[in-house]
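Colleague: One file is attached below, start17.cif, containing mmCIF, C-alpha atoms.
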```
data_run
#
loop_
_atom_site.group_PDB
_atom_site.id
_atom_site.type_symbol
_atom_site.label_atom_id
_atom_site.label_comp_id
_atom_site.auth_asym_id
_atom_site.auth_seq_id
_atom_site.Cartn_x
_atom_site.Cartn_y
_atom_site.Cartn_z
ATOM 1 C CA MET A 71 0.000 0.000 0.000
ATOM 2 C CA SER A 72 1.381 3.404 -0.964
ATOM 3 C CA LEU A 73 1.843 6.251 1.505
ATOM 4 C CA ALA A 74 -1.008 8.188 -0.133
ATOM 5 C CA GLU A 75 -3.306 5.163 0.202
ATOM 6 C CA GLU A 76 -2.338 4.758 3.851
ATOM 7 C CA PHE A 77 -3.183 8.392 4.483
ATOM 8 C CA ASN A 78 -6.522 8.125 2.704
ATOM 9 C CA ASN A 79 -7.358 5.056 4.800
ATOM 10 C CA MET A 80 -7.037 6.923 8.082
ATOM 11 C CA SER A 81 -10.809 6.722 8.561
ATOM 12 C CA LYS A 82 -10.218 4.381 11.501
ATOM 13 C CA TYR A 83 -8.748 7.281 13.427
ATOM 14 C CA SER A 84 -11.070 9.892 11.965
ATOM 15 C CA SER A 85 -14.049 7.907 13.251
ATOM 16 C CA ASP A 86 -12.480 7.921 16.719
ATOM 17 C CA GLU A 87 -12.661 11.706 16.945
ATOM 18 C CA LYS A 88 -14.986 12.411 19.864
ATOM 19 C CA ASP A 89 -16.077 15.974 19.181
ATOM 20 C CA THR A 90 -19.561 15.980 17.659
ATOM 21 C CA SER A 91 -20.227 19.664 18.305
ATOM 22 C CA VAL A 92 -20.897 22.279 15.642
ATOM 23 C CA PRO A 93 -17.670 22.902 13.637
ATOM 24 C CA LEU A 94 -15.683 25.987 14.614
ATOM 25 C CA GLN A 95 -16.117 27.710 11.255
ATOM 26 C CA ASP A 96 -19.898 27.242 11.379
ATOM 27 C CA ASN A 97 -20.050 28.633 14.924
ATOM 28 C CA LEU A 98 -17.983 31.649 13.973
ATOM 29 C CA PHE A 99 -19.961 32.221 10.769
ATOM 30 C CA GLU A 100 -23.232 32.155 12.709
ATOM 31 C CA ASN A 101 -21.894 34.708 15.204
ATOM 32 C CA ILE A 102 -20.721 37.003 12.412
ATOM 33 C CA ASN A 103 -24.093 36.757 10.673
ATOM 34 C CA SER A 104 -25.798 37.619 13.974
ATOM 35 C CA CYS A 105 -23.362 40.510 14.655
ATOM 36 C CA VAL A 106 -22.184 38.873 17.888
ATOM 37 C CA ASN A 107 -18.799 39.900 19.287
ATOM 38 C CA THR A 108 -16.746 36.725 19.640
ATOM 39 C CA ILE A 109 -13.544 35.509 21.269
ATOM 40 C CA LEU A 110 -11.892 32.306 20.059
ATOM 41 C CA TYR A 111 -9.929 30.792 22.929
ATOM 42 C CA GLY A 112 -7.905 27.660 23.400
ATOM 43 C CA PRO A 113 -4.343 26.335 23.581
ATOM 44 C CA PRO A 114 -1.702 27.624 21.153
ATOM 45 C CA GLY A 115 -1.392 26.028 17.734
ATOM 46 C CA THR A 116 -5.075 25.139 17.238
ATOM 47 C CA GLY A 117 -5.668 27.545 14.343
ATOM 48 C CA LYS A 118 -7.691 30.285 16.061
ATOM 49 C CA THR A 119 -6.168 33.168 14.110
ATOM 50 C CA TYR A 120 -5.957 31.138 10.903
ATOM 51 C CA THR A 121 -9.659 30.260 11.081
ATOM 52 C CA ALA A 122 -10.763 33.819 11.846
ATOM 53 C CA LEU A 123 -8.692 35.375 9.071
ATOM 54 C CA MET A 124 -9.813 32.709 6.603
ATOM 55 C CA LYS A 125 -13.458 33.477 7.390
ATOM 56 C CA ILE A 126 -12.791 37.225 7.070
ATOM 57 C CA ASP A 127 -11.139 36.606 3.700
ATOM 58 C CA GLU A 128 -14.177 34.625 2.529
ATOM 59 C CA LEU A 129 -16.459 37.513 3.500
ATOM 60 C CA LYS A 130 -14.215 39.958 1.649
ATOM 61 C CA LYS A 131 -14.456 37.902 -1.528
ATOM 62 C CA SER A 132 -18.248 37.747 -1.198
ATOM 63 C CA GLY A 133 -18.432 41.543 -1.154
ATOM 64 C CA ARG A 134 -20.165 41.625 2.238
ATOM 65 C CA LEU A 135 -17.326 43.280 4.135
ATOM 66 C CA GLY A 136 -16.559 46.960 4.378
ATOM 67 C CA GLU A 137 -13.593 47.899 6.567
ATOM 68 C CA VAL A 138 -11.375 45.364 8.361
ATOM 69 C CA LEU A 139 -8.753 46.209 10.977
ATOM 70 C CA ILE A 140 -6.367 43.586 12.362
ATOM 71 C CA ILE A 141 -4.362 44.438 15.472
ATOM 72 C CA GLN A 142 -2.571 42.608 18.282
ATOM 73 C CA PHE A 143 -2.733 43.486 21.964
ATOM 74 C CA HIS A 144 0.265 43.346 24.307
ATOM 75 C CA PRO A 145 0.872 44.214 27.988
ATOM 76 C CA GLN A 146 1.775 47.854 27.194
ATOM 77 C CA TYR A 147 -1.374 48.496 25.138
ATOM 78 C CA THR A 148 -3.392 51.370 26.682
ATOM 79 C CA TYR A 149 -6.651 53.282 26.454
ATOM 80 C CA GLN A 150 -4.657 56.080 24.819
ATOM 81 C CA ASP A 151 -3.560 53.684 22.072
ATOM 82 C CA PHE A 152 -7.044 52.284 21.563
ATOM 83 C CA ILE A 153 -9.584 55.070 22.171
ATOM 84 C CA GLU A 154 -7.986 58.504 22.650
ATOM 85 C CA GLY A 155 -5.203 60.225 24.539
ATOM 86 C CA TYR A 156 -2.445 62.796 24.609
ATOM 87 C CA LYS A 157 0.901 61.873 23.108
ATOM 88 C CA PHE A 158 4.169 63.770 23.246
ATOM 89 C CA ASP A 159 5.308 64.841 19.762
ATOM 90 C CA GLY A 160 8.763 66.004 20.873
ATOM 91 C CA ASN A 161 7.671 69.470 21.934
ATOM 92 C CA ASN A 162 4.133 69.275 23.291
ATOM 93 C CA PHE A 163 1.442 66.840 24.298
ATOM 94 C CA LYS A 164 -0.990 66.506 21.410
ATOM 95 C CA TYR A 165 -4.486 65.018 21.411
ATOM 96 C CA THR A 166 -4.528 61.853 19.299
ATOM 97 C CA LYS A 167 -7.349 59.529 18.324
ATOM 98 C CA GLY A 168 -6.732 55.905 19.194
ATOM 99 C CA ILE A 169 -6.698 53.200 16.558
ATOM 100 C CA PHE A 170 -10.247 52.068 17.357
ATOM 101 C CA LEU A 171 -11.773 55.545 17.255
ATOM 102 C CA ASP A 172 -10.012 56.244 13.970
ATOM 103 C CA PHE A 173 -11.268 52.926 12.568
ATOM 104 C CA CYS A 174 -14.891 53.669 13.527
ATOM 105 C CA GLU A 175 -14.789 56.936 11.579
ATOM 106 C CA LYS A 176 -13.813 55.050 8.410
ATOM 107 C CA ILE A 177 -16.503 52.395 8.683
ATOM 108 C CA ASN A 178 -18.676 51.588 5.705
ATOM 109 C CA ASN A 179 -22.260 52.009 6.922
ATOM 110 C CA ASP A 180 -23.703 49.794 4.177
ATOM 111 C CA LYS A 181 -21.598 46.711 4.936
ATOM 112 C CA LEU A 182 -20.351 44.600 7.778
ATOM 113 C CA ASN A 183 -17.109 45.821 9.408
ATOM 114 C CA ILE A 184 -14.762 43.735 11.534
ATOM 115 C CA LEU A 185 -12.101 44.554 14.097
ATOM 116 C CA TYR A 186 -9.934 41.496 14.748
ATOM 117 C CA ILE A 187 -7.783 41.568 17.922
ATOM 118 C CA ASP A 188 -5.133 38.882 18.191
ATOM 119 C CA GLU A 189 -3.883 37.964 21.697
ATOM 120 C CA ILE A 190 -6.751 39.976 23.163
ATOM 121 C CA ASN A 191 -6.103 38.785 26.725
ATOM 122 C CA ARG A 192 -2.528 40.100 26.863
ATOM 123 C CA ALA A 193 -3.646 43.679 27.581
ATOM 124 C CA ASP A 194 -5.490 45.041 30.628
ATOM 125 C CA LEU A 195 -8.840 44.831 28.862
ATOM 126 C CA SER A 196 -10.998 46.786 31.305
ATOM 127 C CA SER A 197 -8.525 49.669 31.140
ATOM 128 C CA VAL A 198 -8.017 49.543 27.364
ATOM 129 C CA PHE A 199 -11.723 49.301 26.500
ATOM 130 C CA GLY A 200 -12.854 52.009 28.937
ATOM 131 C CA GLU A 201 -16.293 53.380 27.948
ATOM 132 C CA LEU A 202 -16.486 50.782 25.200
ATOM 133 C CA LEU A 203 -17.660 48.255 27.818
ATOM 134 C CA TYR A 204 -20.760 50.367 28.422
ATOM 135 C CA LEU A 205 -21.406 50.789 24.716
ATOM 136 C CA MET A 206 -20.978 47.063 24.003
ATOM 137 C CA ASP A 207 -23.940 46.189 26.209
ATOM 138 C CA LYS A 208 -27.065 44.885 24.518
ATOM 139 C CA ASP A 209 -28.696 48.320 24.093
ATOM 140 C CA SER A 210 -27.502 49.590 20.698
ATOM 141 C CA ASN A 211 -28.743 53.141 21.318
ATOM 142 C CA LYS A 212 -26.207 53.978 24.016
ATOM 143 C CA LYS A 213 -23.918 56.981 23.656
ATOM 144 C CA VAL A 214 -21.111 58.406 25.784
ATOM 145 C CA LEU A 215 -19.114 61.607 25.973
ATOM 146 C CA LEU A 216 -15.445 60.762 25.541
ATOM 147 C CA PRO A 217 -13.543 62.251 28.492
ATOM 148 C CA LEU A 218 -10.651 63.898 26.631
ATOM 149 C CA SER A 219 -12.207 65.208 23.427
ATOM 150 C CA GLY A 220 -15.673 65.735 24.886
ATOM 151 C CA ASN A 221 -17.129 64.311 21.669
ATOM 152 C CA GLU A 222 -20.240 62.145 21.694
ATOM 153 C CA PHE A 223 -19.569 58.593 20.595
ATOM 154 C CA SER A 224 -21.652 55.480 19.920
ATOM 155 C CA LEU A 225 -20.696 52.132 18.449
ATOM 156 C CA PRO A 226 -21.549 51.538 14.791
ATOM 157 C CA GLU A 227 -24.302 48.925 14.596
ATOM 158 C CA ASN A 228 -22.571 47.056 11.786
ATOM 159 C CA LEU A 229 -19.276 46.584 13.634
ATOM 160 C CA ILE A 230 -18.183 43.207 15.020
ATOM 161 C CA ILE A 231 -15.196 42.639 17.297
ATOM 162 C CA ILE A 232 -13.504 39.239 17.022
ATOM 163 C CA GLY A 233 -10.653 38.336 19.327
ATOM 164 C CA SER A 234 -8.402 35.350 19.927
ATOM 165 C CA MET A 235 -6.578 34.296 23.057
ATOM 166 C CA ASN A 236 -4.382 31.445 24.218
ATOM 167 C CA SER A 237 -6.047 29.906 27.251
ATOM 168 C CA SER A 238 -2.743 28.397 28.390
ATOM 169 C CA ASP A 239 -1.398 31.943 28.878
ATOM 170 C CA LYS A 240 -4.300 33.249 30.934
ATOM 171 C CA SER A 241 -7.573 31.545 31.751
ATOM 172 C CA ILE A 242 -10.760 33.274 30.659
ATOM 173 C CA SER A 243 -11.796 33.113 34.326
ATOM 174 C CA LEU A 244 -9.252 35.889 34.965
ATOM 175 C CA ILE A 245 -10.924 38.245 32.482
ATOM 176 C CA ASP A 246 -13.218 40.869 33.966
ATOM 177 C CA PHE A 247 -16.748 39.433 34.100
ATOM 178 C CA ALA A 248 -18.241 42.654 32.719
ATOM 179 C CA LEU A 249 -16.132 42.141 29.595
ATOM 180 C CA ARG A 250 -16.781 38.410 29.361
ATOM 181 C CA ARG A 251 -20.543 38.822 29.177
ATOM 182 C CA ARG A 252 -20.176 41.137 26.178
ATOM 183 C CA PHE A 253 -18.536 38.425 24.084
ATOM 184 C CA ASN A 254 -19.513 34.978 22.931
ATOM 185 C CA PHE A 255 -16.641 32.596 23.759
ATOM 186 C CA ILE A 256 -15.846 29.647 21.467
ATOM 187 C CA PHE A 257 -13.297 27.081 22.648
ATOM 188 C CA VAL A 258 -10.932 25.894 19.909
ATOM 189 C CA PRO A 259 -9.353 22.522 20.831
ATOM 190 C CA PRO A 260 -6.672 20.515 19.051
ATOM 191 C CA SER A 261 -8.330 18.387 16.408
ATOM 192 C CA LEU A 262 -7.493 15.414 14.270
ATOM 193 C CA SER A 263 -9.033 17.187 11.286
ATOM 194 C CA GLY A 264 -6.654 20.111 11.822
ATOM 195 C CA PHE A 265 -3.762 17.676 12.136
ATOM 196 C CA ASN A 266 -4.795 16.010 8.864
ATOM 197 C CA ASP A 267 -5.152 19.393 7.143
ATOM 198 C CA ILE A 268 -1.508 20.152 7.938
ATOM 199 C CA LEU A 269 -0.446 16.786 6.508
ATOM 200 C CA LEU A 270 -2.198 17.632 3.254
ATOM 201 C CA THR A 271 -0.094 20.789 2.833
ATOM 202 C CA LYS A 272 3.226 18.953 3.242
ATOM 203 C CA GLU A 273 5.377 16.515 1.355
ATOM 204 C CA ILE A 274 5.589 13.291 3.350
ATOM 205 C CA ASP A 275 8.781 11.245 3.442
ATOM 206 C CA GLN A 276 8.161 7.608 2.496
ATOM 207 C CA ASN A 277 9.793 6.409 5.732
ATOM 208 C CA PHE A 278 7.447 8.448 7.929
ATOM 209 C CA ASP A 279 4.577 6.578 9.590
ATOM 210 C CA VAL A 280 1.595 8.930 9.276
ATOM 211 C CA ILE A 281 -0.894 6.709 11.077
ATOM 212 C CA LYS A 282 1.402 6.093 14.049
ATOM 213 C CA TYR A 283 2.147 9.800 14.472
ATOM 214 C CA SER A 284 -1.555 10.672 14.258
ATOM 215 C CA ARG A 285 -2.231 8.200 17.047
ATOM 216 C CA PHE A 286 0.652 9.709 19.060
ATOM 217 C CA PHE A 287 -0.935 13.170 18.719
ATOM 218 C CA GLN A 288 -4.288 11.834 19.940
ATOM 219 C CA VAL A 289 -2.914 9.899 22.921
ATOM 220 C CA ILE A 290 -0.658 12.712 24.179
ATOM 221 C CA ASN A 291 -3.520 15.208 24.128
ATOM 222 C CA SER A 292 -5.920 12.720 25.704
ATOM 223 C CA ARG A 293 -3.467 12.203 28.579
ATOM 224 C CA ILE A 294 -3.151 15.967 29.079
ATOM 225 C CA LEU A 295 -6.936 16.374 28.970
ATOM 226 C CA ARG A 296 -7.414 13.696 31.644
ATOM 227 C CA HIS A 297 -4.616 14.944 33.917
ATOM 228 C CA PRO A 298 -6.016 16.625 37.066
ATOM 229 C CA LEU A 299 -3.391 19.391 36.986
ATOM 230 C CA LEU A 300 -3.741 20.174 33.282
ATOM 231 C CA GLY A 301 -6.988 19.754 31.340
ATOM 232 C CA LYS A 302 -8.302 21.225 28.094
ATOM 233 C CA ASN A 303 -6.502 24.594 28.300
ATOM 234 C CA MET A 304 -3.114 22.868 28.447
ATOM 235 C CA THR A 305 -3.582 20.540 25.496
ATOM 236 C CA LEU A 306 -1.218 20.933 22.546
ATOM 237 C CA GLY A 307 -2.374 22.405 19.243
ATOM 238 C CA HIS A 308 -2.010 20.286 16.128
ATOM 239 C CA SER A 309 0.432 22.732 14.493
ATOM 240 C CA MET A 310 2.845 22.298 17.421
ATOM 241 C CA PHE A 311 3.519 18.728 16.286
ATOM 242 C CA PHE A 312 5.214 19.866 13.078
ATOM 243 C CA SER A 313 8.308 21.889 12.258
ATOM 244 C CA LYS A 314 8.241 24.621 9.629
ATOM 245 C CA SER A 315 9.855 22.280 7.112
ATOM 246 C CA ASN A 316 7.819 21.582 3.987
ATOM 247 C CA VAL A 317 8.745 17.914 4.270
ATOM 248 C CA ILE A 318 7.380 15.737 7.066
ATOM 249 C CA SER A 319 9.993 13.192 7.999
ATOM 250 C CA ASN A 320 11.171 11.461 11.150
ATOM 251 C CA GLU A 321 13.896 14.082 11.480
ATOM 252 C CA SER A 322 11.538 17.091 11.147
ATOM 253 C CA VAL A 323 9.085 15.565 13.630
ATOM 254 C CA PHE A 324 11.880 14.860 16.117
ATOM 255 C CA ARG A 325 12.910 18.527 15.851
ATOM 256 C CA ALA A 326 9.334 19.654 16.564
ATOM 257 C CA LEU A 327 9.095 17.377 19.580
ATOM 258 C CA ASN A 328 12.462 18.448 20.985
ATOM 259 C CA SER A 329 11.916 22.173 20.430
ATOM 260 C CA THR A 330 8.188 22.558 21.119
ATOM 261 C CA ILE A 331 6.242 19.623 22.557
ATOM 262 C CA ILE A 332 8.710 18.382 25.179
ATOM 263 C CA PRO A 333 9.620 21.887 26.493
ATOM 264 C CA GLN A 334 5.907 22.713 26.763
ATOM 265 C CA ILE A 335 5.192 19.624 28.842
ATOM 266 C CA GLU A 336 8.305 20.304 30.923
ATOM 267 C CA SER A 337 7.002 23.828 31.630
ATOM 268 C CA TYR A 338 3.773 22.383 33.022
ATOM 269 C CA PHE A 339 5.479 20.299 35.700
ATOM 270 C CA GLY A 340 9.109 21.427 36.033
ATOM 271 C CA ALA A 341 12.074 19.388 34.801
ATOM 272 C CA GLU A 342 12.548 17.694 38.164
ATOM 273 C CA ASN A 343 9.032 16.217 38.257
ATOM 274 C CA HIS A 344 9.950 12.883 36.744
ATOM 275 C CA THR A 345 6.735 11.101 37.777
ATOM 276 C CA GLU A 346 4.284 13.584 36.248
ATOM 277 C CA ILE A 347 6.216 13.951 32.992
ATOM 278 C CA SER A 348 6.433 10.147 32.717
ATOM 279 C CA GLN A 349 2.628 9.962 32.845
ATOM 280 C CA ILE A 350 2.397 12.091 29.699
ATOM 281 C CA LEU A 351 5.546 10.962 27.865
ATOM 282 C CA THR A 352 7.797 8.067 29.000
ATOM 283 C CA PRO A 353 10.188 7.587 31.956
ATOM 284 C CA GLU A 354 13.110 7.471 29.512
ATOM 285 C CA VAL A 355 12.265 10.896 28.076
ATOM 286 C CA ALA A 356 11.494 12.290 31.552
ATOM 287 C CA GLU A 357 14.995 11.267 32.647
ATOM 288 C CA SER A 358 16.587 13.103 29.704
ATOM 289 C CA ILE A 359 14.586 16.225 30.596
ATOM 290 C CA MET A 360 15.608 15.976 34.261
ATOM 291 C CA HIS A 361 19.308 15.831 33.278
ATOM 292 C CA GLY A 362 18.989 18.725 30.801
ATOM 293 C CA LYS A 363 19.694 16.608 27.734
ATOM 294 C CA GLN A 364 18.185 16.692 24.265
ATOM 295 C CA VAL A 365 16.184 13.558 23.582
ATOM 296 C CA SER A 366 18.093 11.439 21.078
ATOM 297 C CA PRO A 367 16.477 10.276 17.813
ATOM 298 C CA GLU A 368 16.439 6.710 19.141
ATOM 299 C CA LYS A 369 14.603 7.715 22.328
ATOM 300 C CA MET A 370 12.277 9.923 20.316
ATOM 301 C CA GLN A 371 11.295 7.058 18.050
ATOM 302 C CA ARG A 372 10.703 4.818 21.078
ATOM 303 C CA LEU A 373 8.555 7.576 22.602
ATOM 304 C CA ILE A 374 6.331 7.699 19.506
ATOM 305 C CA ASP A 375 6.186 3.900 19.293
ATOM 306 C CA VAL A 376 5.265 3.400 22.969
ATOM 307 C CA VAL A 377 2.659 6.185 23.131
ATOM 308 C CA ALA A 378 1.072 5.296 19.787
ATOM 309 C CA SER A 379 0.779 1.620 20.760
ATOM 310 C CA SER A 380 -1.133 2.458 23.950
ATOM 311 C CA ILE A 381 -4.603 0.879 24.072
ATOM 312 C CA GLU A 382 -6.085 3.775 26.048
ATOM 313 C CA GLU A 383 -9.139 5.532 24.656
ATOM 314 C CA VAL A 384 -8.424 8.735 22.785
ATOM 315 C CA LEU A 385 -10.588 11.815 23.296
ATOM 316 C CA PHE A 386 -9.722 13.666 20.093
#
```
Can you dump the structure from the file as structure tokens?
Modeller:
Amino acid sequence: MSLAEEFNNMSKYSSDEKDTSVPLQDNLFENINSCVNTILYGPPGTGKTYTALMKIDELKKSGRLGEVLIIQFHPQYTYQDFIEGYKFDGNNFKYTKGIFLDFCEKINNDKLNILYIDEINRADLSSVFGELLYLMDKDSNKKVLLPLSGNEFSLPENLIIIGSMNSSDKSISLIDFALRRRFNFIFVPPSLSGFNDILLTKEIDQNFDVIKYSRFFQVINSRILRHPLLGKNMTLGHSMFFSKSNVISNESVFRALNSTIIPQIESYFGAENHTEISQILTPEVAESIMHGKQVSPEKMQRLIDVVASSIEEVLF
């Protein structure tokens, strides 16, 4: 059987995928159609930003979209950057509109307009959003006087805010409740379909065992999901299991595991916690981590073999 035929016969594992909920893209599309502000949250590498931008691109091509603004928040992002403030121009402090206020003035009133905020949870959201929290409430007729300019401001009715956040960085439970109730939250987990989509974009070395590695991906994430100290927010996105190489081979996968997957699991428990790491990986790999050593190709292959051969039920 050829490699392509093996890949096409992966239905055994596809049928094991446990998630029977509405697909992410359908959920997001429904929210956009209903003009519902939405935050996609989940572990890194699950395709949150990719999915949102792909859906925005589809809407652009359909002619339904007016203005689109894509920004990224960070810990130094402020109300002055977002809404309005005074900035020093080298000689004096000058009133400056923030990026959001400037965007609202350019909005196309006849079409849907989208503000996409990547890493939305990395800023102090209550501080950055300011009066916007009041305006984002269900009553669309609300207006406020902006404190610095004194201008009256209301949110455009045809504006949607979409954000994404990595739940492993900061749980949504830490976000101000007043802000949380103004967004619809959609959890984006690792998925076998996402894993398979990545495989389809790559050249696969003939010596690489696609089915075994797919099973490895499922078992590792199922173990993390079941672990009492970890759970769904600490699972590992499907893109984390691949290097940036265009060719998927044993060597490229070993690099991804050594540089991304193993350090991530180590960060959850600490290098010295041999027992906990062994429950997710293997004692042999846990020992290498504890001694500060790179996992050799031989140990890496044994890791994949042992985990993939496990008879435990997978949850992905």
Colleague: With the PyMOL selection byres ((chain A and resi 249) around 9) as the selection, what would be picked from this file? Answer as number ranges by chain, please.
Modeller: A: 195-196, 199, 203, 206, 245-248, 250-253
Colleague: Could you check which of A:Arg134, A:Lys181, A:His308, A:Arg325 is closest to A:Gly112, using only C-alpha atoms?
Modeller: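 Using only C-alpha atoms, A:Gly112 sits closest to A:His308.
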Colleague: Here's the selection I'm unsure about, the PyMOL selection byres ((chain A and resi 323) around 12); applied to the file above, which residues does it give, as number ranges by chain?
Modeller: A: 269, 274-275, 278-280, 283-284, 286-287, 309-322, 324-332, 367, 370-371, 374
Colleague: A:Gly264, A:Gly233, A:Gly155, A:Gly168: which is nearest A:Thr108, counting all atoms listed in the file?
Modeller: A:Gly233
Colleague: Taking the file above as input, evaluate the PyMOL selection byres ((chain A and resi 285) around 10) and report the hits as a list in words.
Modeller: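 Residues picked by the PyMOL selection byres ((chain A and resi 285) around 10): Tyr83, Leu262, Val280, Ile281, Lys282, Tyr283, Ser284, Phe286, Phe287, Gln288, Val289, Ile290, Ile374, Asp375, Val377, Ala378, Ser379, Ser380, Val384 and Phe386 of chain A.
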Colleague: Choose the residue, out of A:Gln276, A:Ser104, A:Ser224, A:Gln364, that has the smallest atom-to-atom separation from A:Leu205; count all atoms listed in the file.
Modeller: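 Residue with the minimum atom-to-atom distance to A:Leu205: A:Ser224.
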Colleague: A:Tyr149: which residues within 9 Å, counting only C-alpha atoms, same-chain residues fewer than 2 positions away excluded, as an MDAnalysis selection string?
Modeller: chainID A and resid 147 151:155 168 197:200
Colleague: (-11.7, 22.2, 12.2) in this file's frame - what residues fall within 7 Å of it? Use only C-alpha atoms and give the answer as a list in words.
Modeller: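 Counting only C-alpha atoms, I find these residues within 7 Å of (-11.7, 22.2, 12.2): Pro93, Leu94, Ser261, Ser263 and Gly264 of chain A.
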Colleague: Enter the distance from atom CA of A:Ile347 to atom CA of A:Pro259, in Å, rounded to one decimal.
Modeller: 21.5 Å
Colleague: When you look at A:Glu346 with a cut-off of 12 Å (counting only C-alpha atoms), what residues show up, excluding the ones that are within fewer than 3 positions of it in the same chain? I need them as a ChimeraX atom specification.
Modeller: /A:293-294,297-300,335-343,349-353,355-357,360
Colleague: For A:Met235, which of A:Gln334, A:Asn191, A:Thr271, A:Ser358 is the closest residue, counting only C-alpha atoms?
Modeller: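 Going through A:Gln334, A:Asn191, A:Thr271, A:Ser358 one by one, the smallest distance to A:Met235 is for A:Asn191.
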Colleague: Give me, please, the distance in Å between atom CA of A:Ser237 and atom CA of A:Leu373, quoted to one decimal.
Modeller: 27.1 Å
Colleague: Got a sec to check which residues sit within 7 Å of (-3.6, 43.7, 22.6), counting all atoms listed in the file, and write them as a list in words?
Modeller: Gln142, Phe143, His144, Tyr147, Ile187, Asp188, Glu189, Ile190, Asn191, Arg192 and Ala193 of chain A
Colleague: Which residue, A:Leu98, A:Met304, A:Leu225, A:Leu171, has the smallest gap to A:Met124 when you use all atoms listed in the file?
Modeller: A:Leu98
Colleague: Work out where the centre of an axis-aligned box around every listed atom of stretch 181-190 of chain A lies and how long its edges are once 4 Å is added on each side; give both in Å to one decimal as lines of an AutoDock Vina configuration file.
Modeller:
```
center_x = -12.7
center_y = 42.3
center_z = 14.0
size_x = 25.7
size_y = 16.7
size_z = 26.2
```
Colleague: Point out the residue among A:Lys302, A:Ile141, A:Asn291, A:Asn97 with the least atom-to-atom distance to A:Glu382, counting all atoms listed in the file.
Modeller: A:Asn291
Colleague: Could you tell me how far atom CA of A:Ile231 lies from atom CA of A:Val138, in Å and to one decimal?
Modeller: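 If I compute the distance from atom CA of A:Ile231 to atom CA of A:Val138, I get 10.1 Å.
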Colleague: What's around A:Pro226 at 8 Å? Count all atoms listed in the file, leave out sequence neighbours fewer than 4 positions away in its own chain, and write the answer as JSON, numbers by chain.
Modeller: {"A": [174, 177, 179]}
